[in-house]
Every structure is written in structure tokens, then in C-alpha cells.
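Pasting query-v1.cif here (mmCIF, C-alpha atoms):
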```
data_upload
#
loop_
_atom_site.label_atom_id
_atom_site.label_comp_id
_atom_site.auth_asym_id
_atom_site.auth_seq_id
_atom_site.Cartn_x
_atom_site.Cartn_y
_atom_site.Cartn_z
CA MET K 914 -37.47 15.26 -9.53
CA LYS K 915 -33.70 14.92 -9.20
CA GLU K 916 -34.03 12.34 -6.42
CA LYS K 917 -36.50 10.34 -8.52
CA LYS K 918 -34.09 10.40 -11.46
CA MET K 919 -31.18 9.22 -9.28
CA GLY K 920 -33.34 6.45 -7.83
CA GLU K 921 -34.22 5.22 -11.32
CA CYS K 922 -30.56 5.27 -12.36
CA LEU K 923 -29.55 3.37 -9.22
CA GLU K 924 -32.21 0.70 -9.76
CA ALA K 925 -31.20 0.22 -13.39
CA ALA K 926 -27.51 -0.01 -12.53
CA VAL K 927 -28.09 -2.52 -9.72
CA GLU K 928 -30.35 -4.68 -11.87
CA ALA K 929 -27.80 -4.81 -14.71
CA ALA K 930 -24.89 -5.49 -12.35
CA ALA K 931 -26.72 -8.21 -10.43
CA GLU K 932 -27.65 -9.98 -13.65
CA PHE K 933 -24.04 -9.76 -14.86
CA LEU K 934 -22.49 -11.04 -11.63
CA ASN K 935 -25.05 -13.72 -10.86
CA LYS K 936 -24.27 -15.39 -14.19
CA ALA K 937 -20.56 -15.64 -13.33
CA VAL K 938 -18.98 -18.84 -12.03
CA LYS K 939 -16.08 -17.35 -10.07
CA PRO K 940 -16.51 -13.58 -9.59
CA VAL K 941 -14.15 -11.46 -7.47
CA MET K 942 -14.15 -7.93 -6.09
CA VAL K 943 -11.27 -5.46 -5.84
CA GLY K 944 -11.22 -2.26 -3.79
CA GLY K 945 -9.49 0.88 -5.06
CA PRO K 946 -8.29 4.10 -3.41
CA LYS K 947 -11.44 6.09 -4.26
CA LEU K 948 -13.42 4.01 -1.77
CA ARG K 949 -12.38 6.44 0.98
CA ALA K 950 -13.28 9.66 -0.84
CA SER K 951 -16.62 8.09 -1.79
CA LYS K 952 -17.24 7.11 1.86
CA ALA K 953 -17.94 3.61 0.62
CA CYS K 954 -15.51 1.43 2.59
CA SER K 955 -18.19 -0.03 4.86
CA ALA K 956 -20.56 -0.55 1.92
CA PHE K 957 -17.81 -2.41 0.08
CA VAL K 958 -17.30 -4.73 3.07
CA GLU K 959 -21.08 -5.27 3.30
CA LEU K 960 -21.07 -6.47 -0.30
CA ALA K 961 -18.12 -8.77 0.43
CA ASN K 962 -20.00 -10.24 3.39
CA THR K 963 -23.19 -10.96 1.50
CA SER K 964 -21.59 -12.10 -1.78
CA GLY K 965 -18.89 -14.45 -0.52
CA TYR K 966 -16.59 -13.20 -3.29
CA ALA K 967 -12.81 -13.31 -2.98
CA LEU K 968 -11.77 -9.83 -1.86
CA ALA K 969 -8.61 -7.97 -2.87
CA VAL K 970 -7.42 -4.36 -2.78
CA MET K 971 -5.28 -2.29 -5.12
CA PRO K 972 -1.94 -1.16 -3.60
CA SER K 973 -3.07 2.38 -2.80
CA ALA K 974 -6.19 1.01 -1.08
CA LYS K 975 -4.24 -1.05 1.45
CA GLY K 976 -5.62 -0.35 4.90
CA LEU K 977 -9.09 0.67 3.70
CA VAL K 978 -10.44 -2.86 4.16
CA SER K 979 -9.64 -5.20 7.02
CA GLU K 980 -7.02 -7.77 6.07
CA HIS K 981 -8.69 -10.12 8.55
CA HIS K 982 -11.86 -10.36 6.48
CA PRO K 983 -12.51 -14.10 5.96
CA HIS K 984 -12.35 -13.79 2.16
CA PHE K 985 -9.43 -11.36 1.88
CA ILE K 986 -6.79 -12.58 -0.62
CA GLY K 987 -4.28 -9.71 -0.64
CA THR K 988 -3.10 -6.87 -2.87
CA TYR K 989 -3.85 -6.96 -6.58
CA TRP K 990 -0.93 -5.22 -8.32
CA GLY K 991 -0.54 -7.13 -11.57
CA VAL K 992 2.68 -9.13 -11.81
CA ILE K 993 3.83 -7.96 -8.35
CA SER K 994 0.64 -8.81 -6.49
CA THR K 995 0.84 -10.61 -3.17
CA ALA K 996 1.07 -14.38 -3.49
CA PHE K 997 -1.67 -16.01 -5.60
CA CYS K 998 -3.85 -12.89 -5.67
CA ALA K 999 -3.29 -11.98 -9.34
CA GLU K 1000 -3.92 -15.53 -10.45
CA ILE K 1001 -7.37 -15.53 -8.81
CA VAL K 1002 -8.35 -12.03 -9.97
CA GLU K 1003 -7.18 -12.39 -13.55
CA SER K 1004 -8.67 -15.87 -14.00
CA ALA K 1005 -12.10 -14.73 -12.76
CA ASP K 1006 -14.95 -14.58 -15.25
CA ALA K 1007 -16.27 -11.38 -13.65
CA TYR K 1008 -14.66 -8.74 -11.47
CA LEU K 1009 -16.07 -5.73 -9.68
CA PHE K 1010 -13.59 -2.87 -9.19
CA ALA K 1011 -14.81 -0.23 -6.71
CA GLY K 1012 -13.02 3.11 -6.86
CA PRO K 1013 -9.99 2.05 -8.92
CA ILE K 1014 -7.30 4.18 -10.51
CA PHE K 1015 -5.64 2.50 -13.48
CA ASP K 1016 -2.42 4.43 -14.04
CA ASP K 1017 1.09 3.27 -14.99
CA LEU K 1018 2.24 2.82 -11.38
CA SER K 1019 -0.79 1.02 -9.96
CA SER K 1020 -0.95 -1.25 -13.02
CA VAL K 1021 2.83 -1.89 -13.24
CA ALA K 1022 3.18 -0.25 -16.65
CA TYR K 1023 -0.29 -1.39 -17.75
CA SER K 1024 0.49 -5.07 -17.26
CA PHE K 1025 -2.94 -5.99 -15.84
CA LEU K 1026 -4.54 -8.95 -17.60
CA ILE K 1027 -8.01 -7.51 -17.11
CA LYS K 1028 -10.64 -7.58 -19.85
CA GLN K 1029 -13.23 -4.85 -20.00
CA LYS K 1030 -15.96 -7.25 -21.08
CA LYS K 1031 -15.62 -9.05 -17.71
CA ALA K 1032 -15.47 -5.93 -15.52
CA ILE K 1033 -17.85 -3.76 -13.57
CA ILE K 1034 -16.15 -0.45 -12.73
CA VAL K 1035 -17.77 1.48 -9.89
CA GLN K 1036 -16.69 5.09 -9.47
CA ARG K 1037 -17.88 7.80 -7.08
CA ASP K 1038 -20.91 8.82 -9.15
CA HIS K 1039 -21.26 6.32 -12.01
CA VAL K 1040 -21.04 2.64 -12.90
CA VAL K 1041 -19.71 1.05 -16.09
CA ILE K 1042 -20.75 -2.53 -16.85
CA ALA K 1043 -18.50 -4.48 -19.23
CA ASN K 1044 -18.59 -3.10 -22.76
CA GLY K 1045 -22.16 -2.02 -22.21
CA PRO K 1046 -23.92 0.94 -20.63
CA VAL K 1047 -22.66 3.66 -18.33
CA PHE K 1048 -25.05 4.50 -15.50
CA GLY K 1049 -24.61 8.07 -14.27
CA CYS K 1050 -26.05 9.77 -11.19
CA VAL K 1051 -25.27 6.65 -9.11
CA LEU K 1052 -23.33 7.10 -5.87
CA MET K 1053 -20.83 4.33 -5.12
CA LYS K 1054 -21.93 3.67 -1.55
CA ASP K 1055 -25.62 3.52 -2.54
CA PHE K 1056 -24.86 1.19 -5.43
CA LEU K 1057 -22.79 -1.23 -3.35
CA ARG K 1058 -25.37 -1.42 -0.57
CA ALA K 1059 -28.23 -1.97 -3.00
CA LEU K 1060 -26.26 -4.57 -4.95
CA ALA K 1061 -25.54 -6.49 -1.74
CA LYS K 1062 -29.28 -7.21 -1.45
CA ARG K 1063 -29.51 -8.64 -4.97
CA ILE K 1064 -26.38 -10.73 -5.30
CA LYS K 1065 -26.14 -14.52 -5.03
CA PHE K 1066 -23.71 -15.99 -2.52
CA ASN K 1067 -20.70 -17.40 -4.41
CA THR K 1068 -17.42 -18.45 -2.78
CA THR K 1069 -15.93 -20.28 -5.77
CA ALA K 1070 -13.04 -17.86 -6.36
CA TYR K 1071 -12.09 -17.82 -2.70
CA GLU K 1072 -12.22 -21.61 -2.51
CA ASN K 1073 -9.88 -21.75 -5.51
CA TYR K 1074 -7.53 -19.35 -3.72
CA ARG K 1075 -7.50 -21.56 -0.62
CA ARG K 1076 -6.66 -24.60 -2.74
CA ILE K 1077 -3.61 -23.08 -4.41
CA TYR K 1078 -2.32 -20.83 -1.62
CA VAL K 1079 1.11 -21.59 -0.19
CA PRO K 1080 2.41 -19.30 2.62
CA ASN K 1081 5.47 -17.16 1.95
CA GLY K 1082 8.81 -18.43 3.18
CA HIS K 1083 10.99 -16.78 5.81
CA PRO K 1084 14.13 -14.79 4.99
CA LEU K 1085 17.50 -16.35 5.75
CA LYS K 1086 18.70 -15.51 9.23
CA CYS K 1087 21.34 -12.79 9.47
CA GLN K 1088 24.67 -13.79 10.96
CA PRO K 1089 25.94 -11.62 13.86
CA THR K 1090 28.46 -9.71 11.68
CA GLU K 1091 26.43 -9.80 8.46
CA ALA K 1092 25.12 -6.50 7.11
CA LEU K 1093 21.44 -5.96 7.87
CA ARG K 1094 19.14 -6.90 4.98
CA VAL K 1095 15.89 -5.23 3.96
CA ASN K 1096 13.82 -8.40 4.36
CA ILE K 1097 15.09 -8.82 7.93
CA LEU K 1098 14.31 -5.17 8.71
CA PHE K 1099 10.68 -5.54 7.65
CA GLN K 1100 10.36 -8.82 9.50
CA HIS K 1101 11.03 -6.84 12.69
CA ILE K 1102 8.77 -3.93 11.65
CA GLN K 1103 5.97 -6.46 11.22
CA LYS K 1104 6.34 -7.45 14.88
CA MET K 1105 5.91 -3.80 15.95
CA LEU K 1106 2.46 -3.41 14.42
CA SER K 1107 -0.71 -3.32 16.50
CA SER K 1108 -4.05 -1.55 16.65
CA ASP K 1109 -2.19 1.35 18.28
CA THR K 1110 0.15 1.97 15.32
CA VAL K 1111 0.00 3.56 11.87
CA VAL K 1112 2.38 2.83 8.99
CA ILE K 1113 3.36 5.74 6.71
CA VAL K 1114 5.01 4.54 3.51
CA GLU K 1115 7.35 6.65 1.39
CA THR K 1116 7.54 6.42 -2.39
CA GLY K 1117 10.15 3.85 -3.42
CA ASP K 1118 11.06 0.36 -2.30
CA SER K 1119 9.03 0.85 0.89
CA TRP K 1120 5.94 0.64 -1.37
CA PHE K 1121 6.74 -2.98 -2.13
CA ASN K 1122 8.09 -4.05 1.25
CA CYS K 1123 5.20 -2.54 3.18
CA GLN K 1124 2.57 -4.12 0.92
CA LYS K 1125 3.71 -7.45 2.35
CA LEU K 1126 3.07 -6.36 5.95
CA LYS K 1127 0.03 -8.02 7.53
CA LEU K 1128 -1.91 -5.23 9.20
CA PRO K 1129 -3.47 -6.06 12.58
CA GLU K 1130 -7.08 -5.04 13.04
CA GLY K 1131 -7.19 -1.28 13.59
CA CYS K 1132 -3.65 -0.60 12.36
CA GLY K 1133 -3.58 2.41 10.04
CA TYR K 1134 -1.76 2.55 6.70
CA GLU K 1135 -1.05 5.43 4.33
CA GLN K 1136 0.84 5.73 1.05
CA GLN K 1137 0.49 7.76 -2.12
CA MET K 1138 1.51 6.54 -5.52
CA HIS K 1139 -0.43 8.41 -8.20
CA TYR K 1140 2.16 11.11 -8.69
CA GLY K 1141 5.12 9.33 -7.05
CA SER K 1142 6.20 12.35 -5.02
CA ILE K 1143 9.37 11.56 -3.10
CA GLY K 1144 9.55 13.28 0.27
CA TRP K 1145 5.76 13.12 0.69
CA SER K 1146 5.92 10.87 3.73
CA VAL K 1147 7.85 13.25 6.01
CA GLY K 1148 5.10 15.87 5.94
CA ALA K 1149 2.44 13.15 5.94
CA THR K 1150 3.99 11.68 9.09
CA LEU K 1151 3.93 15.10 10.75
CA GLY K 1152 0.27 15.67 9.86
CA TYR K 1153 -0.96 12.18 10.69
CA ALA K 1154 0.68 12.20 14.11
CA GLN K 1155 -1.06 15.50 14.88
CA ALA K 1156 -4.45 14.25 13.72
CA THR K 1157 -4.28 10.85 15.45
CA GLN K 1158 -2.44 11.32 18.71
CA ASN K 1159 -3.70 8.06 20.24
CA LYS K 1160 -1.68 6.00 17.73
CA ARG K 1161 2.08 5.86 17.24
CA VAL K 1162 3.23 6.50 13.69
CA ILE K 1163 5.90 4.24 12.17
CA ALA K 1164 7.36 5.84 9.04
CA CYS K 1165 9.47 4.00 6.45
CA ILE K 1166 11.46 6.58 4.48
CA GLY K 1167 14.35 6.36 2.02
CA ASP K 1168 17.40 8.60 2.27
CA GLY K 1169 16.79 10.36 -1.05
CA SER K 1170 13.20 11.12 -0.13
CA PHE K 1171 14.14 12.37 3.33
CA GLN K 1172 16.55 14.90 1.83
CA MET K 1173 13.59 16.61 0.09
CA THR K 1174 11.63 17.47 3.24
CA ALA K 1175 13.86 16.78 6.25
CA GLN K 1176 13.05 20.13 7.86
CA ASP K 1177 9.60 18.84 8.84
CA VAL K 1178 11.33 16.96 11.66
CA SER K 1179 11.70 20.36 13.37
CA THR K 1180 7.93 20.77 13.58
CA MET K 1181 7.54 17.17 14.76
CA LEU K 1182 9.80 17.99 17.70
CA ARG K 1183 8.07 21.29 18.43
CA CYS K 1184 4.73 19.46 18.49
CA GLU K 1185 6.16 16.77 20.80
CA GLU K 1186 5.35 13.91 18.44
CA ARG K 1187 6.47 10.39 19.34
CA THR K 1188 6.86 8.97 15.86
CA ILE K 1189 9.35 6.22 14.99
CA ILE K 1190 11.16 6.97 11.72
CA PHE K 1191 13.12 4.25 9.95
CA LEU K 1192 15.52 6.03 7.61
CA MET K 1193 16.74 3.55 4.97
CA ASN K 1194 20.20 4.73 3.96
CA ASN K 1195 21.31 2.93 0.81
CA GLY K 1196 23.08 5.85 -0.81
CA GLY K 1197 20.68 6.86 -3.54
CA TYR K 1198 17.42 6.61 -5.44
CA SER K 1199 17.10 2.82 -5.58
CA THR K 1200 13.76 2.85 -7.44
CA GLU K 1201 15.12 5.15 -10.14
CA VAL K 1202 18.20 2.93 -10.45
CA GLU K 1203 15.97 0.04 -11.51
CA ILE K 1204 14.05 2.22 -14.00
CA HIS K 1205 16.92 4.19 -15.54
CA ASP K 1206 20.33 3.93 -13.92
CA GLY K 1207 22.90 6.71 -14.01
CA PRO K 1208 25.23 8.79 -11.83
CA TYR K 1209 22.35 11.17 -11.02
CA ASN K 1210 20.83 8.43 -8.84
CA VAL K 1211 23.75 8.56 -6.40
CA ILE K 1212 23.20 11.21 -3.75
CA LYS K 1213 25.45 13.01 -1.28
CA ASN K 1214 25.43 11.03 1.93
CA TRP K 1215 24.34 12.91 5.04
CA ASN K 1216 24.96 12.24 8.68
CA TYR K 1217 21.22 11.77 9.17
CA THR K 1218 21.28 11.15 12.89
CA GLY K 1219 23.62 14.11 13.29
CA LEU K 1220 21.19 16.30 11.33
CA VAL K 1221 18.23 15.30 13.48
CA ASP K 1222 20.31 15.84 16.63
CA ALA K 1223 21.17 19.33 15.37
CA ILE K 1224 17.50 20.08 14.71
CA HIS K 1225 16.68 18.75 18.18
CA ASN K 1226 19.24 21.10 19.71
CA GLY K 1227 18.46 19.88 23.22
CA GLU K 1228 14.84 21.05 23.05
CA GLY K 1229 12.08 18.44 23.29
CA LYS K 1230 12.25 14.66 23.37
CA CYS K 1231 14.32 13.00 20.67
CA TRP K 1232 16.43 9.86 20.37
CA THR K 1233 18.56 8.84 17.39
CA THR K 1234 20.69 5.85 16.51
CA LYS K 1235 22.38 4.14 13.56
CA VAL K 1236 22.06 0.38 13.01
CA ARG K 1237 24.10 -1.87 10.73
CA TYR K 1238 23.35 -5.35 12.09
CA GLU K 1239 20.24 -7.23 13.16
CA GLU K 1240 21.24 -7.26 16.83
CA GLU K 1241 21.57 -3.47 16.77
CA LEU K 1242 18.15 -3.18 15.12
CA ILE K 1243 16.51 -5.37 17.77
CA LYS K 1244 18.07 -3.27 20.54
CA ALA K 1245 16.99 -0.02 18.86
CA ILE K 1246 13.38 -1.19 18.49
CA ASP K 1247 13.31 -2.30 22.12
CA ILE K 1248 14.50 1.13 23.26
CA ALA K 1249 12.13 3.01 20.93
CA THR K 1250 9.09 1.04 22.11
CA ASP K 1251 9.92 1.06 25.82
CA GLU K 1252 12.41 3.47 27.35
CA LYS K 1253 11.90 6.10 24.60
CA LYS K 1254 8.23 5.43 23.88
CA ASP K 1255 7.36 9.09 24.51
CA CYS K 1256 10.12 10.41 22.23
CA LEU K 1257 10.56 11.05 18.54
CA CYS K 1258 12.78 8.09 17.61
CA PHE K 1259 14.94 8.29 14.50
CA ILE K 1260 16.58 5.01 13.48
CA GLU K 1261 19.00 5.24 10.56
CA VAL K 1262 19.34 1.82 8.94
CA ILE K 1263 22.52 1.30 6.86
CA LEU K 1264 21.71 -0.92 3.85
CA HIS K 1265 23.57 -2.14 0.76
CA LYS K 1266 22.74 -0.09 -2.33
CA ASP K 1267 21.59 -3.19 -4.24
CA ASP K 1268 19.46 -4.66 -1.45
CA THR K 1269 15.92 -4.30 -2.82
CA SER K 1270 12.70 -6.25 -2.93
CA LYS K 1271 12.14 -8.59 -5.86
CA GLU K 1272 8.98 -6.60 -6.64
CA LEU K 1273 11.04 -3.46 -7.26
CA LEU K 1274 13.21 -5.32 -9.76
CA GLU K 1275 10.11 -6.43 -11.70
CA PHE K 1276 8.44 -3.03 -11.40
CA GLY K 1277 11.54 -1.15 -12.54
CA ALA K 1278 12.06 -3.37 -15.59
CA ARG K 1279 8.46 -2.99 -16.75
CA VAL K 1280 8.17 0.75 -16.13
CA SER K 1281 11.52 1.27 -17.86
CA ALA K 1282 10.35 -0.65 -20.93
CA THR K 1283 7.10 1.31 -21.09
CA ASN K 1284 8.57 4.76 -20.44
CA GLY K 1285 11.46 4.13 -22.82
CA ARG K 1286 9.36 3.15 -25.83
CA PRO K 1287 9.44 5.33 -28.97
CA PRO K 1288 6.69 7.95 -29.18
CA ASN K 1289 3.47 7.10 -31.02
CA GLN K 1290 3.71 9.00 -34.29
CA GLU K 1291 -0.02 8.85 -34.80
#
```

Mind turning this structure into C-alpha cells?
Amino acid sequence: MKEKKMGECLEAAVEAAAEFLNKAVKPVMVGGPKLRASKACSAFVELANTSGYALAVMPSAKGLVSEHHPHFIGTYWGVISTAFCAEIVESADAYLFAGPIFDDLSSVAYSFLIKQKKAIIVQRDHVVIANGPVFGCVLMKDFLRALAKRIKFNTTAYENYRRIYVPNGHPLKCQPTEALRVNILFQHIQKMLSSDTVVIVETGDSWFNCQKLKLPEGCGYEQQMHYGSIGWSVGATLGYAQATQNKRVIACIGDGSFQMTAQDVSTMLRCEERTIIFLMNNGGYSTEVEIHDGPYNVIKNWNYTGLVDAIHNGEGKCWTTKVRYEEELIKAIDIATDEKKDCLCFIEVILHKDDTSKELLEFGARVSATNGRPPNQE
């Protein structure tokens, strides 16, 4: 009886969704972080294949869908989306969101220009269509697979994206004695990525810089943003390296975050992990500076390489270095990926305190304005 009821709900939801989407001129689809928990990543890609829709992901869903899909247009993150993605998503006359979370961080202080009357929201066990009905007892993966059989092929949104797309420029080259810049650092991290690597992204400016990395097929990617826990990535790096020993983990961690959970490096060494950690030392909580500046955002500087050397204590395989210039960074990466490829490699990168991504500046201003508003008296 229960299975019959669920089948009826699924059929009704698919029929309503297909009618809604097949009327649209330029529909799009956006994947959210709940795709993984719903075991619906492959079903989502099946729908993308059969529909021809432009395909985007929310920031915390990066890595769940191949960025080499022929209709992939990037990360949808409101005003700080990857180039030309927001314009296509927000100008669509219908959008299907699968497994989204719409909180203040993933929506950049609720700045999305999304209208409910144009949206189909697919969650783990129910579907909401525009301002209309809610269909319960519908599993996401079943819904997406069934919908793929009923949808008309429509590439209009993707064709519009191709017409307006202009590739990003390249950062200015660093001079030999010029302080290393963040955009140069991530240009070199991009070159390290392959199907044999995983990127672990700490809360903070790494969120924004790593979203712009182009992931090779098979390259893993992990970040968390729904509670913004700084220090999360150190333990996550430890756990991921244990669970996936055939891939090398590349972790991008800020100095303030590292101070919260630095002791996990001890277990990394005991477990003989061969992670590469980029420790961005800019002297404080750069994300908090852009949201609400104050002396509490300046932290006590540590000798980070010295700390890791002390934890190492001559036991296990560990290599540390500090870099201040691009040439030093290139040499460090060469050593970490060749001579020290079987070691835990800790690369402390000295950066200027005001060297941030442009996305962080926008994000900080908007979150500050939202969080600083007077309380609603009603």
C-alpha cells in the first residue's frame, strides 16, 4: 500500500514538473549539497544529459558534478558566482534546484534574484513546484530519473551562456622580489590538480579562491559552509586522507583556522599521511575583517613551520618550508610533488593582510549589512 502511494505521488510530481519545465523557453538546473546525501548525483547528471539544460552547482555542491559536463556553466552563488553563471540562472524563466540549502552564506546574505513562481525545488523526499503544490513521499533520485524521461530537449540557456561568455583574465606576473599574491598562489595550485588529488577547503577566503579552480575529471573537492566552522578543514584533511589513501590531499587553510585544530597534524604524522598543506599566513581573520573589523581579528603570529617540526619530533616523514615569493613557491611545490611526495608537506605562505579575493570583499560587505541591520520588532 505504501509503495503504491509513493508511486502515485511520484507520477503526479513528475507530470506537474514536466508540464512546468516544457513550457519554459530557457530553463536551467542547479545542483545543491543535498544531492550527495540523497544519493542523487548520477540521477541529476542523467537529467542534465537528456534535457540539454544549462547546468550549475551551488558553492557547497562543487565537486558533486563533473565540471567537464558539456553544459556546465559554473558555480551559482548570487553576486559572487563564477563568470556569467548568475546572469544565465537568474534570467531563466524556469529553474530546477536539486538539494539546495538557502542560508545567509550560500545566498550571500539572501541576495539571490530567484523567484519562487519560476522554481522547482527538489529535496530528499519531496518536491515543491512554483507557488503551487508540494508533493511528499517522493525521493529525489527517483524523481530526477523519472523526469528525465518526460522532459523536452532544450539548450537555449546554455546557448545564451556560450554567446556572452568571456574567459577570465590572468593575474599580473609577480616580480622576483615582489611579495607573493593570493591570485598567483592559486594559479600554481590549479596546476597541481589531477584525478589523483583532492582539495580540502577551509572556511574563509579559500572558499572564494577555490571555487575558481577548474577541477580535472576525478579530482575530489570538499568544503563546508553551513555553519562556517573555522578549523574544520584540519580534521577533515586527516579523515579524508585516511579514507582515500590512493589520492593526495591538498588542503588550503588560513592561519586563524589552523590555530583552532593544529594538533590534528600529530595524528596525520602518526598515520603516515602524505598531505600537502598550504598554510596562508596573513596575520588574522581576513573574512571577519571584511564583515566587522576590529582588533579582535588580529591574532598572535605563530612560527607555524616550527610548530609542525616540533610535532614531527623526528618521527615519521615530514617536510616544512616558508615561502614569500613566487620563485620560492614554485620550488616548494616541485619538492612536495617529487622528492617529498611520500611525506606530509607543510608549506607556510606569507601573504599581505589585505590580499584577498574580490569575492570576499563583496561577500563581507553584504553579510555585514544584513547581520548589522536593526532587529525586526514584529

Point-to-point distance in Å for atom CA of Ile1189 of chain K and atom CA of Leu1098 of chain K: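 About the pair atom CA of Leu1098 of chain K and atom CA of Ile1189 of chain K: they are 13.9 Å apart.
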
Computed interatomic separation between atom CA of Ser1170 of chain K and atom CA of Ala1282 of chain K (Å): 24.1 Å

If you count all atoms listed in the file, which residues fall within 10 Å of Gln1176 of chain K, apart from same-chain ones fewer than 4 positions away, as a PDB file with C-alpha atoms, keeping the file's coordinate frame?
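Okay, this is what ended up in selection.pdb:
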```pdb
ATOM      1  CA  VAL K1147       7.850  13.250   6.010  1.00  0.00           C
ATOM      2  CA  GLY K1148       5.100  15.870   5.940  1.00  0.00           C
ATOM      3  CA  PHE K1171      14.140  12.370   3.330  1.00  0.00           C
ATOM      4  CA  GLN K1172      16.550  14.900   1.830  1.00  0.00           C
ATOM      5  CA  THR K1180       7.930  20.770  13.580  1.00  0.00           C
ATOM      6  CA  MET K1181       7.540  17.170  14.760  1.00  0.00           C
ATOM      7  CA  LEU K1220      21.190  16.300  11.330  1.00  0.00           C
ATOM      8  CA  VAL K1221      18.230  15.300  13.480  1.00  0.00           C
ATOM      9  CA  ILE K1224      17.500  20.080  14.710  1.00  0.00           C
TER      10      ILE K1224
END
```

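Here the PyMOL selection byres ((chain K and resi 1205) around 10) matches the residues Thr1200, Glu1201, Val1202, Glu1203, Ile1204, Asp1206, Gly1207, Tyr1209, Asn1210, Gly1277, Ala1278, Val1280, Ser1281, Ala1282, Asn1284 and Gly1285 of chain K.
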
Coordinates-based distance that separates atom CA of Trp1145 of chain K from atom CA of Ala1164 of chain K (Å, one decimal):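 Taking atom CA of Ala1164 of chain K and atom CA of Trp1145 of chain K, their separation equals 11.2 Å.
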
Write out as a Markdown table a residue-level contact list of segment 919-1019 of chain K versus segment 1044-1048 of chain K with cut-off 9 Å: for each qualifying residue the closest pair of atoms and the distance in Å to one decimal, counting all atoms listed in the file, rows sorted by chain and residue number upward.
```
| residue | atom | partner | partner_atom | distance |
| --- | --- | --- | --- | --- |
| K:Cys922 | CA | K:Phe1048 | CA | 6.4 |
| K:Leu923 | CA | K:Phe1048 | CA | 7.8 |
| K:Ala925 | CA | K:Phe1048 | CA | 7.8 |
| K:Ala926 | CA | K:Phe1048 | CA | 5.9 |
```
